[in-house]
Amino acid sequence: IDLKKKRFNTFKQSNNLANYWRKRKEIDGHIDWRMNFVTIDRLVRSLHKPYPGAFYIYKNNKIPVWKIKKSQKKNTSNIEPGKVITNNNDDVMVKCYDCFLWIIEHDFKEIPKSGEYLL
C-alpha cells in the first residue's frame with residue numbers, strides 16, 4: 001500500500017463475514033446514575049453538540065447535559081445515585097455510582113433543589 005502514489009489493493013467484502021449494528025435510538029443517550037463517572041463522562045462527551053446530548057429526566061422533562069466534571073467531595077456512603085447533593089448558581093452536584101459529579105453545562109429551565117432525584 002502506497003497512499004502517496006495512490007496505489008492500494010482493493011477487494012470485495014465477504015457478506016458472510018460482514019456484520020452491522022442497530023440504529024442508535026434516543027434511549028441510548030439516557031444517563032443512568034448507577035453508572036460510574038468515566039462511563040457517564042464518555043456518554044456526555046460522545047453526544048455533545050451537534051448531537052442531541054446525553055440526558056436525564058427531571059419533573060417529566062428531558063434535560064440535555066453538555067458537560068460534567070468530577071467533584072473533589074469524597075464521602076459517598078449511604079447516598080443513592082441520582083440524588084442532588086447541592087447546587088451552586090447554575091451548576092448541580094449529583095451522586096453517581098462511584099463519586100459525586102458536577103453538571104456544569106445543561107439545559108435546565110428550573111434548577112433542581114438539594115435532596116431531589118434525577119431519573
# chains A, B, ... in the order shown; residues from 1 in each chain; ligands from 1
>>> residues_around(residues="region 53-59 of chain A", least_positions_apart="6", cutoff="7 Å", atoms="only C-alpha atoms", output="list in words")
Gly29, His30, Ile31, Leu43, Val44, Leu47, Val65, Trp66, Leu118 and Leu119 of chain A
>>> select_by_dssp(residues="chain A", states="alpha helix (DSSP H)", output="JSON, numbers by chain")
{"A": [37, 38, 39, 40, 41, 42, 43, 44, 45, 46]}
>>> write_last_selection(atoms="N, CA, C and O atoms", output="short mmCIF file (atom, residue, chain, number, x, y, z; two decimals), in the first residue's frame")
data_model
loop_
_atom_site.label_atom_id
_atom_site.label_comp_id
_atom_site.auth_asym_id
_atom_site.auth_seq_id
_atom_site.Cartn_x
_atom_site.Cartn_y
_atom_site.Cartn_z
N PHE A 37 -18.43 7.33 37.00
CA PHE A 37 -18.15 8.65 36.43
C PHE A 37 -17.58 8.55 35.02
O PHE A 37 -17.98 9.28 34.13
N VAL A 38 -16.62 7.66 34.81
CA VAL A 38 -15.96 7.56 33.50
C VAL A 38 -16.99 7.23 32.42
O VAL A 38 -16.98 7.82 31.34
N THR A 39 -17.90 6.32 32.69
CA THR A 39 -18.91 5.93 31.71
C THR A 39 -19.86 7.09 31.41
O THR A 39 -20.18 7.36 30.25
N ILE A 40 -20.30 7.79 32.44
CA ILE A 40 -21.19 8.94 32.24
C ILE A 40 -20.46 10.03 31.46
O ILE A 40 -21.02 10.63 30.54
N ASP A 41 -19.21 10.30 31.81
CA ASP A 41 -18.43 11.32 31.12
C ASP A 41 -18.28 10.99 29.64
O ASP A 41 -18.44 11.86 28.78
N ARG A 42 -18.01 9.75 29.33
CA ARG A 42 -17.87 9.34 27.93
C ARG A 42 -19.18 9.48 27.17
O ARG A 42 -19.20 9.90 26.01
N LEU A 43 -20.29 9.14 27.83
CA LEU A 43 -21.61 9.29 27.20
C LEU A 43 -21.90 10.75 26.90
O LEU A 43 -22.30 11.11 25.79
N VAL A 44 -21.65 11.61 27.88
CA VAL A 44 -21.91 13.05 27.71
C VAL A 44 -21.03 13.62 26.59
O VAL A 44 -21.52 14.34 25.71
N ARG A 45 -19.75 13.29 26.60
CA ARG A 45 -18.85 13.83 25.57
C ARG A 45 -19.17 13.29 24.18
O ARG A 45 -19.09 14.01 23.20
N SER A 46 -19.58 12.04 24.10
CA SER A 46 -19.86 11.45 22.78
C SER A 46 -21.13 11.99 22.15
O SER A 46 -21.29 11.95 20.94
#
>>> closest_atom_pairs(of="region 15-94 of chain A", to="region 105-109 of chain A", cutoff="9 Å", atoms="only C-alpha atoms", output="Markdown table")
| residue | atom | partner | partner_atom | distance |
| --- | --- | --- | --- | --- |
| A:Ile63 | CA | A:Asp107 | CA | 5.9 |
| A:Pro64 | CA | A:Asp107 | CA | 5.7 |
| A:Val65 | CA | A:His106 | CA | 4.4 |
| A:Trp66 | CA | A:Glu105 | CA | 5.1 |
| A:Lys67 | CA | A:Glu105 | CA | 4.8 |
| A:Ile68 | CA | A:Glu105 | CA | 6.9 |
| A:Asp90 | CA | A:Phe108 | CA | 8.3 |
| A:Asp91 | CA | A:Glu105 | CA | 7.5 |
>>> residues_around(residues="Pro112 (chain A)", least_positions_apart="5", cutoff="8 Å", atoms="only C-alpha atoms", output="JSON, numbers by chain")
{"A": [58, 84, 87, 92]}
>>> select_by_dssp(residues="chain A", states="strand (DSSP E)", output="PyMOL selection string")
chain A and resi 54-58+61-70+84-88+91-95+100-106
>>> decode(residues="chain A", atoms="C-alpha atoms", output="PDB file, in the first residue's frame")
ATOM      1  CA  ILE A   1       0.000   0.000   0.000  1.00  0.00           C
ATOM      2  CA  ASP A   2       1.385   3.365  -1.031  1.00  0.00           C
ATOM      3  CA  LEU A   3      -1.159   6.108  -0.370  1.00  0.00           C
ATOM      4  CA  LYS A   4       1.086   8.922  -1.584  1.00  0.00           C
ATOM      5  CA  LYS A   5       1.210   7.339  -5.039  1.00  0.00           C
ATOM      6  CA  LYS A   6      -2.458   6.323  -4.750  1.00  0.00           C
ATOM      7  CA  ARG A   7      -1.660   2.631  -5.063  1.00  0.00           C
ATOM      8  CA  PHE A   8      -3.513   0.195  -2.868  1.00  0.00           C
ATOM      9  CA  ASN A   9      -5.189  -3.161  -3.175  1.00  0.00           C
ATOM     10  CA  THR A  10      -8.954  -3.414  -3.166  1.00  0.00           C
ATOM     11  CA  PHE A  11     -11.044  -6.491  -2.571  1.00  0.00           C
ATOM     12  CA  LYS A  12     -14.715  -7.350  -2.454  1.00  0.00           C
ATOM     13  CA  GLN A  13     -16.223  -7.662   1.025  1.00  0.00           C
ATOM     14  CA  SER A  14     -17.420 -11.113   2.009  1.00  0.00           C
ATOM     15  CA  ASN A  15     -21.065 -10.873   3.098  1.00  0.00           C
ATOM     16  CA  ASN A  16     -20.574 -13.989   5.232  1.00  0.00           C
ATOM     17  CA  LEU A  17     -18.053 -12.130   7.404  1.00  0.00           C
ATOM     18  CA  ALA A  18     -19.858  -8.763   7.468  1.00  0.00           C
ATOM     19  CA  ASN A  19     -21.975  -7.515  10.337  1.00  0.00           C
ATOM     20  CA  TYR A  20     -23.967  -4.432  11.254  1.00  0.00           C
ATOM     21  CA  TRP A  21     -25.130  -2.567  14.323  1.00  0.00           C
ATOM     22  CA  ARG A  22     -28.650  -1.396  15.029  1.00  0.00           C
ATOM     23  CA  LYS A  23     -29.604   2.224  14.529  1.00  0.00           C
ATOM     24  CA  ARG A  24     -28.989   4.437  17.551  1.00  0.00           C
ATOM     25  CA  LYS A  25     -32.160   5.232  19.495  1.00  0.00           C
ATOM     26  CA  GLU A  26     -32.996   8.158  21.753  1.00  0.00           C
ATOM     27  CA  ILE A  27     -32.930   5.950  24.867  1.00  0.00           C
ATOM     28  CA  ASP A  28     -29.223   5.233  24.219  1.00  0.00           C
ATOM     29  CA  GLY A  29     -28.460   8.774  25.435  1.00  0.00           C
ATOM     30  CA  HIS A  30     -30.231   8.396  28.792  1.00  0.00           C
ATOM     31  CA  ILE A  31     -27.889   8.841  31.780  1.00  0.00           C
ATOM     32  CA  ASP A  32     -28.206   6.058  34.323  1.00  0.00           C
ATOM     33  CA  TRP A  33     -26.821   7.477  37.573  1.00  0.00           C
ATOM     34  CA  ARG A  34     -25.821   3.958  38.645  1.00  0.00           C
ATOM     35  CA  MET A  35     -23.030   4.130  36.034  1.00  0.00           C
ATOM     36  CA  ASN A  36     -19.561   5.192  37.147  1.00  0.00           C
ATOM     37  CA  PHE A  37     -18.151   8.645  36.429  1.00  0.00           C
ATOM     38  CA  VAL A  38     -15.964   7.557  33.499  1.00  0.00           C
ATOM     39  CA  THR A  39     -18.908   5.928  31.705  1.00  0.00           C
ATOM     40  CA  ILE A  40     -21.190   8.940  32.235  1.00  0.00           C
ATOM     41  CA  ASP A  41     -18.431  11.323  31.117  1.00  0.00           C
ATOM     42  CA  ARG A  42     -17.867   9.339  27.927  1.00  0.00           C
ATOM     43  CA  LEU A  43     -21.605   9.290  27.200  1.00  0.00           C
ATOM     44  CA  VAL A  44     -21.905  13.048  27.709  1.00  0.00           C
ATOM     45  CA  ARG A  45     -18.847  13.826  25.569  1.00  0.00           C
ATOM     46  CA  SER A  46     -19.856  11.450  22.778  1.00  0.00           C
ATOM     47  CA  LEU A  47     -23.312  13.027  22.432  1.00  0.00           C
ATOM     48  CA  HIS A  48     -22.191  16.671  22.672  1.00  0.00           C
ATOM     49  CA  LYS A  49     -23.419  19.204  20.107  1.00  0.00           C
ATOM     50  CA  PRO A  50     -24.229  18.859  17.218  1.00  0.00           C
ATOM     51  CA  TYR A  51     -25.716  15.602  18.535  1.00  0.00           C
ATOM     52  CA  PRO A  52     -28.831  15.670  20.741  1.00  0.00           C
ATOM     53  CA  GLY A  53     -26.928  15.327  24.034  1.00  0.00           C
ATOM     54  CA  ALA A  54     -26.945  12.831  26.867  1.00  0.00           C
ATOM     55  CA  PHE A  55     -29.971  13.443  29.057  1.00  0.00           C
ATOM     56  CA  TYR A  56     -31.873  12.589  32.212  1.00  0.00           C
ATOM     57  CA  ILE A  57     -35.443  13.160  33.318  1.00  0.00           C
ATOM     58  CA  TYR A  58     -36.375  15.881  35.824  1.00  0.00           C
ATOM     59  CA  LYS A  59     -40.044  16.639  36.587  1.00  0.00           C
ATOM     60  CA  ASN A  60     -41.105  14.696  33.470  1.00  0.00           C
ATOM     61  CA  ASN A  61     -38.848  16.792  31.224  1.00  0.00           C
ATOM     62  CA  LYS A  62     -35.880  15.546  29.243  1.00  0.00           C
ATOM     63  CA  ILE A  63     -32.860  17.678  30.229  1.00  0.00           C
ATOM     64  CA  PRO A  64     -29.770  17.550  27.969  1.00  0.00           C
ATOM     65  CA  VAL A  65     -26.344  17.591  29.624  1.00  0.00           C
ATOM     66  CA  TRP A  66     -23.402  19.029  27.699  1.00  0.00           C
ATOM     67  CA  LYS A  67     -20.546  18.941  30.222  1.00  0.00           C
ATOM     68  CA  ILE A  68     -19.761  17.401  33.616  1.00  0.00           C
ATOM     69  CA  LYS A  69     -16.763  17.300  35.927  1.00  0.00           C
ATOM     70  CA  LYS A  70     -15.794  15.130  38.863  1.00  0.00           C
ATOM     71  CA  SER A  71     -16.234  16.623  42.332  1.00  0.00           C
ATOM     72  CA  GLN A  72     -13.495  16.543  44.947  1.00  0.00           C
ATOM     73  CA  LYS A  73     -16.054  15.614  47.610  1.00  0.00           C
ATOM     74  CA  LYS A  74     -15.207  12.118  48.886  1.00  0.00           C
ATOM     75  CA  ASN A  75     -17.818  10.716  51.319  1.00  0.00           C
ATOM     76  CA  THR A  76     -20.322   8.910  49.081  1.00  0.00           C
ATOM     77  CA  SER A  77     -21.650   6.329  51.534  1.00  0.00           C
ATOM     78  CA  ASN A  78     -25.402   5.884  52.045  1.00  0.00           C
ATOM     79  CA  ILE A  79     -26.379   8.270  49.248  1.00  0.00           C
ATOM     80  CA  GLU A  80     -28.411   6.901  46.358  1.00  0.00           C
ATOM     81  CA  PRO A  81     -27.256   7.511  42.762  1.00  0.00           C
ATOM     82  CA  GLY A  82     -29.196  10.322  41.108  1.00  0.00           C
ATOM     83  CA  LYS A  83     -29.689  12.348  44.283  1.00  0.00           C
ATOM     84  CA  VAL A  84     -28.977  16.074  44.008  1.00  0.00           C
ATOM     85  CA  ILE A  85     -26.471  16.959  46.722  1.00  0.00           C
ATOM     86  CA  THR A  86     -26.274  20.709  46.215  1.00  0.00           C
ATOM     87  CA  ASN A  87     -26.492  23.410  43.593  1.00  0.00           C
ATOM     88  CA  ASN A  88     -24.200  26.364  43.065  1.00  0.00           C
ATOM     89  CA  ASN A  89     -25.770  29.044  40.841  1.00  0.00           C
ATOM     90  CA  ASP A  90     -26.428  27.014  37.670  1.00  0.00           C
ATOM     91  CA  ASP A  91     -24.192  24.028  38.495  1.00  0.00           C
ATOM     92  CA  VAL A  92     -25.685  20.950  40.153  1.00  0.00           C
ATOM     93  CA  MET A  93     -23.846  18.267  42.158  1.00  0.00           C
ATOM     94  CA  VAL A  94     -25.282  14.756  41.734  1.00  0.00           C
ATOM     95  CA  LYS A  95     -24.287  11.377  43.158  1.00  0.00           C
ATOM     96  CA  CYS A  96     -23.353   8.730  40.603  1.00  0.00           C
ATOM     97  CA  TYR A  97     -22.174   5.160  41.302  1.00  0.00           C
ATOM     98  CA  ASP A  98     -18.643   5.893  42.470  1.00  0.00           C
ATOM     99  CA  CYS A  99     -18.464   9.628  43.203  1.00  0.00           C
ATOM    100  CA  PHE A 100     -20.143  12.999  43.080  1.00  0.00           C
ATOM    101  CA  LEU A 101     -20.164  14.937  39.823  1.00  0.00           C
ATOM    102  CA  TRP A 102     -20.984  18.487  38.816  1.00  0.00           C
ATOM    103  CA  ILE A 103     -23.304  19.123  35.884  1.00  0.00           C
ATOM    104  CA  ILE A 104     -21.782  22.342  34.568  1.00  0.00           C
ATOM    105  CA  GLU A 105     -23.390  22.755  31.126  1.00  0.00           C
ATOM    106  CA  HIS A 106     -27.034  21.828  30.767  1.00  0.00           C
ATOM    107  CA  ASP A 107     -30.420  22.994  29.546  1.00  0.00           C
ATOM    108  CA  PHE A 108     -32.177  23.398  32.923  1.00  0.00           C
ATOM    109  CA  LYS A 109     -35.160  25.683  32.972  1.00  0.00           C
ATOM    110  CA  GLU A 110     -35.543  25.088  36.708  1.00  0.00           C
ATOM    111  CA  ILE A 111     -32.506  24.167  38.825  1.00  0.00           C
ATOM    112  CA  PRO A 112     -33.099  21.011  40.931  1.00  0.00           C
ATOM    113  CA  LYS A 113     -33.017  21.507  44.688  1.00  0.00           C
ATOM    114  CA  SER A 114     -30.896  19.606  47.194  1.00  0.00           C
ATOM    115  CA  GLY A 115     -32.441  16.241  48.053  1.00  0.00           C
ATOM    116  CA  GLU A 116     -34.370  15.832  44.779  1.00  0.00           C
ATOM    117  CA  TYR A 117     -33.697  12.938  42.422  1.00  0.00           C
ATOM    118  CA  LEU A 118     -32.794  12.955  38.749  1.00  0.00           C
ATOM    119  CA  LEU A 119     -34.032   9.968  36.756  1.00  0.00           C
TER     120      LEU A 119
END
